[in-house]
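Peer 1: After the structure tokens below, expect a handful of questions from me.
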Amino acid sequence: MCAGEEVGGPSEDPAAPPDDTGEALGLGPARLTITFGFGPTLFSLNGHDRFGLASKRPVQLADLPPFPSDVLEPDRSGGDIAVQACADDPQVAFHAVRNLARIGRGTAVMRWSQLGFGRTSSTSRAQETPRNLMGFKDGTNNIKLEDEAALAEHVWAGAHDEPAWMRGGSYLVARRIRMLIEVWDRASLGDQEATIGRTKTIGAPLGGHGEFDHVDLAARSRSGLPTIPADAHIRLAAPTENRGIRILRRGYSFTDGMDPRLGQLDAGLFFIAYQRDPRRQFVPLQRHLARTDALNEYITHTGSAVFACPPGVAPGDYIGGTLI
Ligand code: HEM
């Protein structure tokens, strides 16, 4: 599928369902990539070693703890296996997920699925910083693929990390974060900028001029107040305020129509982050944010999952080959 080819090759038997469902024919590879991950429940469920893998569960793959103000929906959370398909064309991504689910039928059932669009966070210096649905540039201070040392330190499971089967892989945290868009849209520009800690148009840190200017958390206005407010998102998320914690953010925007109970858009950020150890990265960071982030007035976390993504496959190998 990543080469733009049909699953199983062309079907000619009129008496059998075709191997490939067909909707990606002629669309090309569209830069399709597929990432797989294993959730905590694949290793054990309620103490039951379902597949004989319990002893191989990475300690890093701990269940995420509850965070203040989480409103998680079980039907949008958890899962044994994650399949993330990314492509330039949503139909190509859909085709990949659909056909993998189809091949798995009888062995695996789909638990939840989330369609995202737009890539909220830049992950390379060559990319112009995209905007999230709040209209702010997102990814300015993200780890970039050019920062190889930062990737090795914060994102990839290293050559000496345990378990050995995860070396070269990474841990994925997914959070479906609904934005209370109607409330946000009524907030003044000043309030919006104070909430994030950056200007809306340029994306400059408050007190700075350019998007990539140094974030000066010590700066104070003439009245003595911090230029970047104490509860601004970028202050609370900054590595200097979190013992050096960094994560690779790689989220997407989503919209799932509207919430008929409230007559409001059901839209937001499908937050995806990769890291070397969620217990030491996402969890403490999110604890900090969940307590005091000004952004909390405008968001609700509605889905949550954590997965161990094994290293990529070489020709002749198979996904999860290092584990199984
Ligand atoms: C809907 C929810 C969220 C929105 C709208 C949002 C938006 C933003 C924006 C606009 C920035 C500034 C630009 C940048 O450096 O990328 C930012 C930075 C950041 N965000 Fe979020 N974010 C959200 C949730 C989260 C969550 C859940 C986490 C982690 C637990 C997080 C971690 C970070 C980090 C680490 C930074 C960079 C801080 C720095 O070093 O300057 N964000 N976010």
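In the structure tokens, the first chain shown is A, the next is B, and so on; residue numbers restart at 1 for each chain, and ligands run from 1 in the order shown.
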Can you pull out every residue with an atom within 7 Å of ligand 1? Use only C-alpha atoms and all ligand atoms and format it as a ChimeraX atom specification.
Peer 2: /A:121,132,134,136-142,177-179,196,198,215,233-235,237-239,246-247,268-269,271,282,285-286,289,299
Peer 1: Using 12 Å as the limit and counting only C-alpha atoms, can you tabulate each residue of range 146-250 of chain A that touches range 80-88 of chain A, with its shortest atom-to-atom distance in Å and the two atoms involved, as a Markdown table?
Peer 2:
```
| residue | atom | partner | partner_atom | distance |
| --- | --- | --- | --- | --- |
| A:Tyr171 | CA | A:Ala82 | CA | 11.3 |
| A:Leu172 | CA | A:Ala82 | CA | 9.4 |
| A:Val173 | CA | A:Ala82 | CA | 10.7 |
| A:Ala174 | CA | A:Ala82 | CA | 10.1 |
| A:Arg250 | CA | A:Cys86 | CA | 11.1 |
```
Peer 1: Could you save the residues just selected, with N, CA, C and O atoms, as an mmCIF file, in the first residue's frame?
Peer 2:
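Saved to selection20.cif:
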```cif
data_model
loop_
_atom_site.group_PDB
_atom_site.id
_atom_site.type_symbol
_atom_site.label_atom_id
_atom_site.label_comp_id
_atom_site.auth_asym_id
_atom_site.auth_seq_id
_atom_site.Cartn_x
_atom_site.Cartn_y
_atom_site.Cartn_z
ATOM 1 N N TYR A 171 7.520 5.510 22.111
ATOM 2 C CA TYR A 171 6.226 5.351 22.783
ATOM 3 C C TYR A 171 5.295 6.477 22.370
ATOM 4 O O TYR A 171 5.681 7.648 22.386
ATOM 5 N N LEU A 172 4.097 6.080 21.996
ATOM 6 C CA LEU A 172 3.111 7.032 21.468
ATOM 7 C C LEU A 172 2.028 7.293 22.516
ATOM 8 O O LEU A 172 1.460 6.344 23.056
ATOM 9 N N VAL A 173 1.775 8.558 22.794
ATOM 10 C CA VAL A 173 0.620 8.917 23.617
ATOM 11 C C VAL A 173 -0.363 9.655 22.724
ATOM 12 O O VAL A 173 0.026 10.596 22.023
ATOM 13 N N ALA A 174 -1.607 9.202 22.718
ATOM 14 C CA ALA A 174 -2.647 9.891 21.932
ATOM 15 C C ALA A 174 -3.694 10.441 22.888
ATOM 16 O O ALA A 174 -4.096 9.758 23.842
ATOM 17 N N ARG A 250 3.150 15.467 17.390
ATOM 18 C CA ARG A 250 2.880 15.178 15.981
ATOM 19 C C ARG A 250 1.383 14.975 15.785
ATOM 20 O O ARG A 250 0.922 13.969 15.277
#
```
Peer 1: Identify which of the residues A:Arg131, A:Ser11, A:Leu323, A:Phe94 lies closest to Ser55 in chain A, counting only C-alpha atoms when measuring atom-to-atom distances.
Peer 2: A:Leu323
Peer 1: For Ser113 in chain A, which residue out of A:Asp256, A:Glu241, A:Asp213, A:Glu12 is the nearest one, using only C-alpha atoms?
Peer 2: A:Asp256
Peer 1: Name the closest residue to Ala93 in chain A among the candidates A:Phe254, A:Phe117, A:Trp112, A:Trp156; distances are taken between atoms, counting only C-alpha atoms.
Peer 2: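 Checking each of A:Phe254, A:Phe117, A:Trp112, A:Trp156 against Ala93 in chain A, counting only C-alpha atoms, the winner is A:Phe117.
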Peer 1: So which residues touch range 74-79 of chain A within 12 Å, counting only C-alpha atoms, skipping near sequence neighbours fewer than 5 positions away, as a ChimeraX atom specification?
Peer 2: /A:36-45,62-64,108-114,172-177,270,301-308
Peer 1: Give me, as a ChimeraX atom specification, the residues of range 52-290 of chain A that a backbone DSSP run labels strand (DSSP E or B).
Peer 2: /A:81-86,117,131,137,170-179,198,205,220,226,248-249,252-259,264-275
Peer 1: Under the rule that only C-alpha atoms are counted, which of A:Glu73, A:Glu162, A:Glu182, A:Asp13 is the nearest residue to Arg57 in chain A?
Peer 2: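 Smallest distance to Arg57 in chain A is found for A:Glu162.
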Peer 1: Find the distance between CA of Pro58 in chain A and CA of Met166 in chain A and write it in Å to one decimal.
Peer 2: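 Separation of CA of Pro58 in chain A and CA of Met166 in chain A: 8.2 Å.
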Peer 1: Can you list, as a PyMOL selection string, every protein, DNA or RNA residue that comes within 10 Å of Gln192 in chain A when you count only C-alpha atoms, leaving out same-chain residues fewer than 4 positions away?
Peer 2: chain A and resi 134-136+184-188+196-200+232+294-295
Peer 1: So which residues touch Leu145 in chain A within 10 Å, counting only C-alpha atoms, skipping near sequence neighbours fewer than 6 positions away, as a ChimeraX atom specification?
Peer 2: /A:122-126,151,248
Peer 1: Using the selection just defined, write its residues with N, CA and C atoms as a JSON list (two decimals), in the first residue's frame.
Peer 2:
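The file below, result_34.json, is the result:
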```json
[["chain", "number", "residue", "atom", "x", "y", "z"],
["A", 122, "SER", "N", 4.50, 21.32, 13.41],
["A", 122, "SER", "CA", 5.60, 21.12, 12.47],
["A", 122, "SER", "C", 6.64, 20.20, 13.11],
["A", 123, "THR", "N", 7.28, 19.38, 12.28],
["A", 123, "THR", "CA", 8.29, 18.45, 12.81],
["A", 123, "THR", "C", 9.59, 18.56, 12.02],
["A", 124, "SER", "N", 9.70, 19.60, 11.18],
["A", 124, "SER", "CA", 10.97, 19.80, 10.47],
["A", 124, "SER", "C", 11.17, 21.28, 10.21],
["A", 125, "ARG", "N", 12.45, 21.68, 10.11],
["A", 125, "ARG", "CA", 12.73, 23.10, 9.90],
["A", 125, "ARG", "C", 12.35, 23.54, 8.49],
["A", 126, "ALA", "N", 12.18, 22.56, 7.58],
["A", 126, "ALA", "CA", 11.85, 22.90, 6.20],
["A", 126, "ALA", "C", 10.37, 23.28, 6.07],
["A", 151, "LEU", "N", 16.40, 14.03, 19.30],
["A", 151, "LEU", "CA", 15.58, 12.84, 19.01],
["A", 151, "LEU", "C", 16.13, 11.63, 19.76],
["A", 248, "LEU", "N", 8.13, 14.81, 21.28],
["A", 248, "LEU", "CA", 7.90, 15.13, 19.87],
["A", 248, "LEU", "C", 6.39, 15.17, 19.66]]
```
Peer 1: Point out the residue among A:Asp147, A:Glu23, A:Asp293, A:Glu128 with the least atom-to-atom distance to Pro90 in chain A, counting only C-alpha atoms.
Peer 2: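 Of A:Asp147, A:Glu23, A:Asp293, A:Glu128, the one nearest Pro90 in chain A is A:Glu23, counting only C-alpha atoms.
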Peer 1: Considering only C-alpha atoms, can you say which of A:Ile181, A:Leu53, A:Ile228, A:Val71 comes closest to Ala204 in chain A?
Peer 2: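 So, comparing all the options, the nearest one is A:Ile228.
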Peer 1: Write out as a VMD selection string the residues lying within 7 Å of Thr227 in chain A, counting only C-alpha atoms and excluding same-chain residues fewer than 4 positions away.
Peer 2: chain A and resid 206 to 207 219 to 221
